[in-house]
Amino acid sequence: MLRNETMTKTPSILLINPWITDFAAFDLWAKPLGLLLLAALLREAGIQVDFVDCLQRNDPQTLQHKDTVGGCNRPYGTGKYPRTLIDKPQVYADMPRNYYRYGIHPESLACKLESLPKPDLIWLTSIMTYWYPGVQQTIALIRKIFPHVPVWLGGIYARLCRHHAFITSGADRVVVDPLPQLAEEIEAQTGFRLTNKPHWNALQSLPIPALDLLPELAYAPLLTSWGCLYSCPYCASRKLQPKWERRSADAVYREIVQWHQDYGIKDFAFYDDALLLDAESTLRPALERVCREDLEVRFHTPNALHVRALSREWCHLLHAGGFTTMRLGLETGRSDQQKEWGNKVDTTMFFAAMQNLTAAGFSPRQIGVYLLAGLPGQSPQDVEDAITLVGSTGALPYLSEYSPVPGTAMWREVLATCPYDLVREPLYHNNSFFACRREDFTREDLAQLKRLARQARQAVANASGAASACGARVDRS
Ligand code: B12
Ligand code: SF4
């Protein structure tokens, strides 16, 4: 327990979104939604909450530092983070690329922390496993300013690499428990009774994430469901969210309206793993209402949509509702691989979806199609064929380089053959490192395929008349 008299004083928790360390990072609608949900729950429970975003894009103090390149805004709320060149971890010594810390300058972070009252507890989130040096560096700086405040680490890296996080992050605790248990732990730690404990039990009862704590709000992330009905061998969705839960249409609509009317937000990005699955009584009525009320909003789906759900009716609704950036998951054009990798899509479904989307009014350059590259058993020719297939429909092919994710079925398969110590060193999970390269699928093969995909996108852009600056510039690869 923090102190004996805690029952008489409201505890305060400082939430921190840490730096990213990587070869490249772009704010493609990436906000720490988990941490902001927790902030809303804590606030609702009567706890004092402060928030520091190390990934603030336009921090004036950061701009004063010559070693840091400032961030900037791009269409639809996306943008570049500020970045500082840092030494590459030894693991990446053979990678001929610069390595950066993305986010505000350390002096700016120190100032922000110093300006806050000393909290009772500090919570950090984490996202990609291979961004852990950013987590370590953030915690090291926090320790200098608040040496005696306990630091808890949670989030995706913490959950996928708990042991690694425990021994290397510098946090006092690595918390991986589901929300109801987390509520118990806060009470045990602070001696404070949460006034909203039942709200920690289900997605349906969670408050709207506290996006108002973000220093800059150019778009809003949205989550209408947790989990996925499928269990693809390369994906950690089941491990991270074993239970499939959906929010009500009314709750989703109210959240959109709140950010749109109170904060002028036009751009919304869905974070669902399976936005369109089983969404007849949830997303559909919410979108129908968006259309009826004629809200001037745009929706983006940086996570792939399920191709099988793109019926004629859904495509019309998505178009009328303001869906603007569409990403579909095809992954491969080979039917045996489609079956093996989750059995959720086939090429016939993909052609039908493309027809439905274009009939509904989407232009090809709004439709990106994710293809996987470098999975065990896949050849460069398979990927090239898939790029050609997507190009033939007029859509934009995007490659996702395979990177093994702990806790997935394919992870176990890959451990047996991969020469790198994926268990002890999460830096090897970085898709840029491409740990699963092999003689018949080299880094050069991957680079060549990425060039092909880029050329195919350029061809689509040329064919559909000069690509809009927006469409071309929000894409990262
Ligand atoms: C939305 C999403 C994105 C978004 C942005 C996410 C972001 N914030 O940066 C977009 C679409 C941009 C994205 C991109 C990518 N993503 Co992604 N993404 C996701 C997804 C679907 C959901 C994440 C999320 O926000 N969940 C919702 C929130 C509410 O959950 P949460 O953050 O876990 O928080 C909960 C708990 O963890 C906890 N918690 C969180 N913080 C804290 C802190 C404390 C102290 C405590 C106590 C608790 C706690 O509380 C929350 C409520 O329970 C996950 C899969 C998944 N189901 O999680 C993949 C996932 C994280 N992505 C993944 C990958 C690989 C990628 C890409 C590399 C894909 C690619 N090849 O291009 C890119 C690269 C990203 C980049 N910026 O460079 C992998 C991660 C693999 C890894 N090694 O870490 C995942 C796991 C998917 C997978 N393949 O299985 N992604
Ligand atoms: S369908 Fe998508 S989110 Fe669901 S398990 Fe497969 S890859 Fe993951």
# chains A, B, ... in the order shown; residues from 1 in each chain; ligands from 1
>>> select_by_dssp(residues="region 155-240 of chain A", states="strand (DSSP E)", output="list in words")
Arg173, Val174, Ala220, Pro221, Leu222, Ser225 and Trp226 of chain A
>>> write_last_selection(atoms="C-alpha atoms", output="PDB file, in the first residue's frame")
ATOM      1  CA  ARG A 173       5.634  -4.164 -11.925  1.00  0.00           C
ATOM      2  CA  VAL A 174       4.628  -5.600 -15.256  1.00  0.00           C
ATOM      3  CA  ALA A 220     -10.055   9.929 -32.829  1.00  0.00           C
ATOM      4  CA  PRO A 221      -9.359   6.199 -32.563  1.00  0.00           C
ATOM      5  CA  LEU A 222     -12.519   4.098 -32.209  1.00  0.00           C
ATOM      6  CA  SER A 225     -15.334  -4.609 -30.511  1.00  0.00           C
ATOM      7  CA  TRP A 226     -12.704  -6.705 -28.779  1.00  0.00           C
TER       8      TRP A 226
END
>>> select_by_dssp(residues="region 93-258 of chain A", states="helix (DSSP H, G or I)", output="number ranges by chain")
A: 106-114, 129-145, 156-160, 162-168, 179-190, 197-200, 203-205, 211-213, 237-240, 249-258
>>> atom_distance(atom1="CA of Ala286 (chain A)", atom2="CA of Ala353 (chain A)")
21.9 Å
>>> atom_distance(atom1="CA of Leu37 (chain A)", atom2="CA of Ala210 (chain A)")
6.3 Å
>>> residues_near_ligand(ligand="ligand 1", cutoff="6 Å", atoms="only C-alpha atoms and all ligand atoms", output="VMD selection string")
chain A and resid 25 to 26 28 to 35 123 to 125 127 to 129 152 to 157 175 179 235 to 237 240 271 to 273 302 to 303 400 to 401 405 429
>>> residues_around(residues="Thr332 (chain A)", least_positions_apart="5", cutoff="9 Å", atoms="only C-alpha atoms", output="compact mmCIF listing (two decimals) with N, CA and C atoms, in the first residue's frame")
# COMPACT_ATOMS: atom_id res chain seq x y z
N GLN A 337 -2.77 -21.45 -49.28
CA GLN A 337 -2.27 -20.59 -48.20
C GLN A 337 -3.44 -19.84 -47.53
N GLN A 338 -4.42 -19.44 -48.34
CA GLN A 338 -5.58 -18.76 -47.75
C GLN A 338 -6.24 -19.66 -46.71
N ASP A 346 -11.14 -15.86 -49.73
CA ASP A 346 -10.59 -16.49 -50.94
C ASP A 346 -10.66 -15.47 -52.08
N THR A 347 -10.05 -15.81 -53.19
CA THR A 347 -9.88 -14.81 -54.25
C THR A 347 -11.22 -14.43 -54.86
N TYR A 370 -3.78 -5.51 -48.11
CA TYR A 370 -2.59 -6.03 -47.42
C TYR A 370 -2.25 -7.43 -47.91
N LEU A 371 -0.98 -7.60 -48.23
CA LEU A 371 -0.46 -8.91 -48.63
C LEU A 371 0.67 -9.27 -47.68
N LEU A 372 0.74 -10.53 -47.28
CA LEU A 372 1.81 -10.95 -46.39
C LEU A 372 3.03 -11.36 -47.22
N ALA A 373 4.20 -11.08 -46.68
CA ALA A 373 5.43 -11.43 -47.41
C ALA A 373 6.43 -12.05 -46.45
N ASP A 382 5.13 -16.23 -55.04
CA ASP A 382 3.75 -16.16 -54.51
C ASP A 382 3.36 -14.71 -54.27
N VAL A 383 4.30 -13.96 -53.70
CA VAL A 383 4.00 -12.56 -53.34
C VAL A 383 3.87 -11.74 -54.62
N ASP A 385 2.93 -12.75 -57.52
CA ASP A 385 1.63 -13.08 -58.15
C ASP A 385 0.49 -12.34 -57.45
N ALA A 386 0.59 -12.27 -56.13
CA ALA A 386 -0.49 -11.59 -55.39
C ALA A 386 -0.50 -10.10 -55.71
N ILE A 387 0.69 -9.51 -55.86
CA ILE A 387 0.76 -8.08 -56.22
C ILE A 387 0.08 -7.86 -57.57
>>> residues_near_ligand(ligand="ligand 2", cutoff="10 Å", atoms="only C-alpha atoms and all ligand atoms", output="VMD selection string")
chain A and resid 226 to 239 272 to 275 277 303 to 307 329 331 341 to 345 408
>>> write_last_selection(atoms="C-alpha atoms", output="short mmCIF file (atom, residue, chain, number, x, y, z; two decimals), in the first residue's frame")
data_model
loop_
_atom_site.label_atom_id
_atom_site.label_comp_id
_atom_site.auth_asym_id
_atom_site.auth_seq_id
_atom_site.Cartn_x
_atom_site.Cartn_y
_atom_site.Cartn_z
CA TRP A 226 -12.70 -6.70 -28.78
CA GLY A 227 -11.19 -9.83 -30.24
CA CYS A 228 -11.87 -11.73 -33.42
CA LEU A 229 -13.85 -14.79 -34.45
CA TYR A 230 -10.87 -16.20 -36.37
CA SER A 231 -7.58 -17.53 -35.11
CA CYS A 232 -4.99 -16.98 -37.81
CA PRO A 233 -1.64 -18.65 -37.12
CA TYR A 234 0.46 -15.46 -37.34
CA CYS A 235 -1.81 -13.13 -35.33
CA ALA A 236 -1.93 -12.44 -31.59
CA SER A 237 -5.53 -11.25 -31.48
CA ARG A 238 -6.80 -14.34 -29.61
CA LYS A 239 -3.99 -14.14 -27.07
CA ASP A 272 -11.03 -3.26 -34.23
CA ASP A 273 -9.52 -6.57 -35.20
CA ALA A 274 -12.81 -7.53 -36.84
CA LEU A 275 -14.84 -4.39 -37.42
CA LEU A 277 -17.85 -9.30 -38.43
CA ASN A 303 -6.39 -2.41 -39.74
CA ALA A 304 -7.63 -4.64 -42.53
CA LEU A 305 -11.35 -5.19 -43.04
CA HIS A 306 -12.65 -8.70 -43.59
CA VAL A 307 -13.20 -9.13 -47.32
CA GLY A 329 -6.93 -8.26 -45.86
CA GLU A 331 -2.77 -11.78 -47.64
CA TRP A 341 -3.57 -18.85 -42.81
CA GLY A 342 -7.00 -18.60 -41.25
CA ASN A 343 -9.51 -19.63 -43.92
CA LYS A 344 -11.26 -16.27 -43.84
CA VAL A 345 -10.91 -15.12 -47.44
CA THR A 408 0.90 -17.29 -32.01
#
